[in-house]
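Chemist: Structure in structure tokens, see below.
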Amino acid sequence: MHKKALVRDLLKEKQTELTAAERKLSAVLLDDQLLTGLQSITRLAELAEVSSPTIVRLARKLGFDGFSDMQDAIRDEIGARMKKPLAKLDTPGDSSDHVVSRFIQAVSGNVNRTLERLDLAEFDEVAALLSDPSHRLYLLGGRITRSNAHYFFNHLQIIRPQVTLLDSSPSAWPQSLLDMDAGAVLIVFDIRRYEKELEKLADLAVKQGATIVLFTDAWGSPIEKHARHCFRAMVEVPSSWDSTLAINFLIEALVADVQSRSSDQSAERIAALEQMIGESRIFRSN
């Protein structure tokens, strides 16, 4: 049995090795965020329109001893994905160290594990995409990740034009969706507990022709099925809240790469901005 790999990831990795019936079952599990995997084997077979032996064979191909073993992993995965802040407070840990020390250890581990899983080729593709001025960029985060979206926006709109931070209210999204087409890129931040409004926005944006770049956690937001590019970051820390520092690490690395790729354009833009700041006297000169 796999101790670390997520069932969702295993299903995606093994697609080429599956039979037609197994791929059909896999699609049912993935489309419903694995929730159908909590059904009895008989009920799951009915829902997926496959045989019970097909379910057992799929479980074994994924490395599990059988269906019940895979179902236990699904149950753990869903539980971790939907863990509420108060439930995190019950997690046992060594309380002898100062909270700062425990945070440093957790955050360092998060960044290192995020980097281990980072696809550098995909990182380069996203940097090239975001540095191309022909693409209009839109950014939006959820309740916790709104600050990440705002931080990324602040840097991108200095580097290049046509960058928009979407209003947090869904009622304001239709106006922006009208302008999204094949030249638009929607950058979305969504970590557990995933927000249905963001998923709906991503769905509508893709239907308009936009490209989705998603920043999410280790378990993966449902928006993944709409995203062309996805960055998964580790978020768990000794707190009732998840940490987005690993996500911010990716943001700052992208900012550096995007600026490097658009150095001439960004230099002119920054110079013009500095002149405007001087003329407006918004900031003190000393």
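Ordering of the structure tokens sets the chain letters (A, B, ...), residue numbers begin anew at 1 in every chain, and ligands are numbered from 1 in the order given.
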Fewer than 5 positions away in the same chain doesn't count, so skip those; otherwise give me all residues within 7 Å of A:Leu166, counting only C-alpha atoms, as number ranges by chain.

Modeler: A: 138-140

Chemist: Please report, as a list in words, each residue of stretch 155-190 of chain A to which DSSP assigns strand (DSSP E or B) when run on this structure's backbone.

Modeler: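 For stretch 155-190 of chain A, the strand (DSSP E or B) set is Val163, Thr164, Leu165, Ala184, Val185, Leu186, Ile187, Val188 and Phe189 of chain A.
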
Chemist: A:Ala73: which residues within 12 Å, counting only C-alpha atoms, same-chain residues fewer than 4 positions away excluded, as number ranges by chain?

Modeler: A: 1-8, 10, 34-35, 37-38, 59, 62-69, 77-80

Chemist: What's around A:Glu22 at 10 Å? Count only C-alpha atoms, leave out sequence neighbours fewer than 5 positions away in its own chain, and write the answer as a PDB file with N, CA, C and O atoms, in the first residue's frame.

Modeler:
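part.pdb, written as the output of this step:
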ATOM      1  N   LEU A  11      -4.349   7.739  -9.505  1.00  0.00           N
ATOM      2  CA  LEU A  11      -5.303   7.515 -10.593  1.00  0.00           C
ATOM      3  C   LEU A  11      -4.854   8.214 -11.873  1.00  0.00           C
ATOM      4  O   LEU A  11      -4.976   7.671 -12.972  1.00  0.00           O
ATOM      5  N   GLN A  15      -3.108   6.163 -15.640  1.00  0.00           N
ATOM      6  CA  GLN A  15      -4.112   6.135 -16.701  1.00  0.00           C
ATOM      7  C   GLN A  15      -3.715   5.261 -17.890  1.00  0.00           C
ATOM      8  O   GLN A  15      -4.535   4.517 -18.427  1.00  0.00           O
ATOM      9  N   GLU A  17      -2.010   2.660 -17.984  1.00  0.00           N
ATOM     10  CA  GLU A  17      -1.946   1.236 -17.651  1.00  0.00           C
ATOM     11  C   GLU A  17      -3.325   0.630 -17.414  1.00  0.00           C
ATOM     12  O   GLU A  17      -3.442  -0.581 -17.206  1.00  0.00           O
ATOM     13  N   ALA A  27     -12.533   7.770 -13.872  1.00  0.00           N
ATOM     14  CA  ALA A  27     -13.172   9.050 -14.196  1.00  0.00           C
ATOM     15  C   ALA A  27     -14.281   9.374 -13.208  1.00  0.00           C
ATOM     16  O   ALA A  27     -14.440  10.525 -12.783  1.00  0.00           O
ATOM     17  N   VAL A  28     -15.051   8.353 -12.818  1.00  0.00           N
ATOM     18  CA  VAL A  28     -16.127   8.563 -11.843  1.00  0.00           C
ATOM     19  C   VAL A  28     -15.553   9.010 -10.508  1.00  0.00           C
ATOM     20  O   VAL A  28     -16.063   9.932  -9.873  1.00  0.00           O
ATOM     21  N   ALA A  48     -20.602   3.483 -11.374  1.00  0.00           N
ATOM     22  CA  ALA A  48     -19.604   3.566 -12.444  1.00  0.00           C
ATOM     23  C   ALA A  48     -19.944   2.666 -13.627  1.00  0.00           C
ATOM     24  O   ALA A  48     -19.272   2.740 -14.666  1.00  0.00           O
ATOM     25  N   VAL A  50     -19.561  -0.591 -13.828  1.00  0.00           N
ATOM     26  CA  VAL A  50     -18.495  -1.580 -14.016  1.00  0.00           C
ATOM     27  C   VAL A  50     -18.755  -2.733 -13.048  1.00  0.00           C
ATOM     28  O   VAL A  50     -19.654  -2.658 -12.208  1.00  0.00           O
ATOM     29  N   SER A  51     -17.948  -3.763 -13.136  1.00  0.00           N
ATOM     30  CA  SER A  51     -18.115  -4.909 -12.242  1.00  0.00           C
ATOM     31  C   SER A  51     -17.320  -4.711 -10.954  1.00  0.00           C
ATOM     32  O   SER A  51     -16.363  -3.929 -10.913  1.00  0.00           O
ATOM     33  N   THR A  54     -13.657  -5.346 -11.303  1.00  0.00           N
ATOM     34  CA  THR A  54     -12.931  -4.226 -11.913  1.00  0.00           C
ATOM     35  C   THR A  54     -12.439  -3.269 -10.841  1.00  0.00           C
ATOM     36  O   THR A  54     -11.315  -2.748 -10.906  1.00  0.00           O
ATOM     37  N   ILE A  55     -13.272  -3.039  -9.829  1.00  0.00           N
ATOM     38  CA  ILE A  55     -12.903  -2.141  -8.733  1.00  0.00           C
ATOM     39  C   ILE A  55     -11.714  -2.712  -7.962  1.00  0.00           C
ATOM     40  O   ILE A  55     -10.767  -1.992  -7.623  1.00  0.00           O
ATOM     41  N   VAL A  56     -11.755  -4.000  -7.695  1.00  0.00           N
ATOM     42  CA  VAL A  56     -10.666  -4.650  -6.963  1.00  0.00           C
ATOM     43  C   VAL A  56      -9.370  -4.594  -7.778  1.00  0.00           C
ATOM     44  O   VAL A  56      -8.290  -4.303  -7.252  1.00  0.00           O
ATOM     45  N   ARG A  57      -9.477  -4.847  -9.095  1.00  0.00           N
ATOM     46  CA  ARG A  57      -8.286  -4.815  -9.947  1.00  0.00           C
ATOM     47  C   ARG A  57      -7.673  -3.417  -9.982  1.00  0.00           C
ATOM     48  O   ARG A  57      -6.446  -3.259  -9.945  1.00  0.00           O
ATOM     49  N   LEU A  58      -8.528  -2.383 -10.053  1.00  0.00           N
ATOM     50  CA  LEU A  58      -8.026  -1.009 -10.066  1.00  0.00           C
ATOM     51  C   LEU A  58      -7.278  -0.702  -8.767  1.00  0.00           C
ATOM     52  O   LEU A  58      -6.190  -0.131  -8.788  1.00  0.00           O
ATOM     53  N   ALA A  59      -7.876  -1.115  -7.650  1.00  0.00           N
ATOM     54  CA  ALA A  59      -7.231  -0.867  -6.352  1.00  0.00           C
ATOM     55  C   ALA A  59      -5.849  -1.496  -6.303  1.00  0.00           C
ATOM     56  O   ALA A  59      -4.882  -0.882  -5.834  1.00  0.00           O
ATOM     57  N   LYS A  61      -3.921  -2.271  -8.869  1.00  0.00           N
ATOM     58  CA  LYS A  61      -3.015  -1.593  -9.803  1.00  0.00           C
ATOM     59  C   LYS A  61      -2.450  -0.317  -9.194  1.00  0.00           C
ATOM     60  O   LYS A  61      -1.350   0.116  -9.543  1.00  0.00           O
TER      61      LYS A  61
END

Chemist: Using only C-alpha atoms, which residue out of A:Ala210, A:Ala272, A:Val107, A:Leu165 lies closest to A:Met180?

Modeler: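 Distance minimum relative to A:Met180 lands on A:Ala210.
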
Chemist: Provide the atom CA of A:Ile247 to atom CA of A:Ala233 distance in Å, to one decimal place.

Modeler: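 According to the coordinates, atom CA of A:Ile247 and atom CA of A:Ala233 are separated by 5.9 Å.
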
Chemist: Which residues, written as a PDB file with N, CA, C and O atoms, in the first residue's frame, have at least one atom at most 10 Å from A:Phe249, with only C-alpha atoms counted and residues fewer than 3 positions away on the same chain left out?

Modeler:
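Resulting contents of result.pdb:
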ATOM      1  N   VAL A 111       8.500  24.446   2.268  1.00  0.00           N
ATOM      2  CA  VAL A 111       9.182  24.992   1.103  1.00  0.00           C
ATOM      3  C   VAL A 111      10.008  23.908   0.410  1.00  0.00           C
ATOM      4  O   VAL A 111       9.962  23.771  -0.825  1.00  0.00           O
ATOM      5  N   THR A 114       7.742  21.450  -1.351  1.00  0.00           N
ATOM      6  CA  THR A 114       7.123  22.102  -2.515  1.00  0.00           C
ATOM      7  C   THR A 114       8.110  22.125  -3.676  1.00  0.00           C
ATOM      8  O   THR A 114       7.738  21.850  -4.827  1.00  0.00           O
ATOM      9  N   LEU A 115       9.363  22.446  -3.382  1.00  0.00           N
ATOM     10  CA  LEU A 115      10.390  22.488  -4.424  1.00  0.00           C
ATOM     11  C   LEU A 115      10.660  21.097  -4.999  1.00  0.00           C
ATOM     12  O   LEU A 115      10.904  20.939  -6.197  1.00  0.00           O
ATOM     13  N   ALA A 233       1.445  23.400  -3.356  1.00  0.00           N
ATOM     14  CA  ALA A 233       2.375  23.793  -2.296  1.00  0.00           C
ATOM     15  C   ALA A 233       1.963  23.154  -0.982  1.00  0.00           C
ATOM     16  O   ALA A 233       0.782  22.886  -0.743  1.00  0.00           O
ATOM     17  N   THR A 244       0.585  29.905   3.897  1.00  0.00           N
ATOM     18  CA  THR A 244       0.739  30.129   2.456  1.00  0.00           C
ATOM     19  C   THR A 244       2.148  30.623   2.113  1.00  0.00           C
ATOM     20  O   THR A 244       2.368  31.160   1.033  1.00  0.00           O
ATOM     21  N   LEU A 245       3.099  30.421   3.027  1.00  0.00           N
ATOM     22  CA  LEU A 245       4.457  30.894   2.774  1.00  0.00           C
ATOM     23  C   LEU A 245       5.117  30.172   1.602  1.00  0.00           C
ATOM     24  O   LEU A 245       5.864  30.777   0.828  1.00  0.00           O
ATOM     25  N   ALA A 246       4.845  28.886   1.444  1.00  0.00           N
ATOM     26  CA  ALA A 246       5.411  28.157   0.306  1.00  0.00           C
ATOM     27  C   ALA A 246       4.820  28.667  -1.003  1.00  0.00           C
ATOM     28  O   ALA A 246       5.510  28.725  -2.027  1.00  0.00           O
ATOM     29  N   GLU A 252       7.162  34.795  -5.563  1.00  0.00           N
ATOM     30  CA  GLU A 252       8.329  35.664  -5.652  1.00  0.00           C
ATOM     31  C   GLU A 252       9.328  35.151  -6.688  1.00  0.00           C
ATOM     32  O   GLU A 252       9.974  35.945  -7.385  1.00  0.00           O
ATOM     33  N   ALA A 253       9.441  33.836  -6.813  1.00  0.00           N
ATOM     34  CA  ALA A 253      10.313  33.277  -7.842  1.00  0.00           C
ATOM     35  C   ALA A 253       9.772  33.604  -9.227  1.00  0.00           C
ATOM     36  O   ALA A 253      10.535  33.936 -10.147  1.00  0.00           O
ATOM     37  N   LEU A 254       8.454  33.524  -9.392  1.00  0.00           N
ATOM     38  CA  LEU A 254       7.842  33.865 -10.679  1.00  0.00           C
ATOM     39  C   LEU A 254       7.999  35.348 -10.989  1.00  0.00           C
ATOM     40  O   LEU A 254       8.263  35.728 -12.130  1.00  0.00           O
ATOM     41  N   VAL A 255       7.824  36.193  -9.978  1.00  0.00           N
ATOM     42  CA  VAL A 255       7.996  37.630 -10.177  1.00  0.00           C
ATOM     43  C   VAL A 255       9.398  37.918 -10.712  1.00  0.00           C
ATOM     44  O   VAL A 255       9.579  38.683 -11.668  1.00  0.00           O
TER      45      VAL A 255
END

Chemist: May I have the residues within 7 Å of stretch 150-161 of chain A as a PyMOL selection string, using only C-alpha atoms and disregarding those fewer than 3 positions away in the same chain?

Modeler: chain A and resi 133+139+146-147+165+251+255+259+266+269-270

Chemist: At a cut-off of 6 Å, using only C-alpha atoms, what residues contact A:Arg232? Leave out same-chain residues fewer than 4 positions from it and give the result as a list in words.

Modeler: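 In the requested format, the answer is Thr216, Asp217 and Ala218 of chain A.
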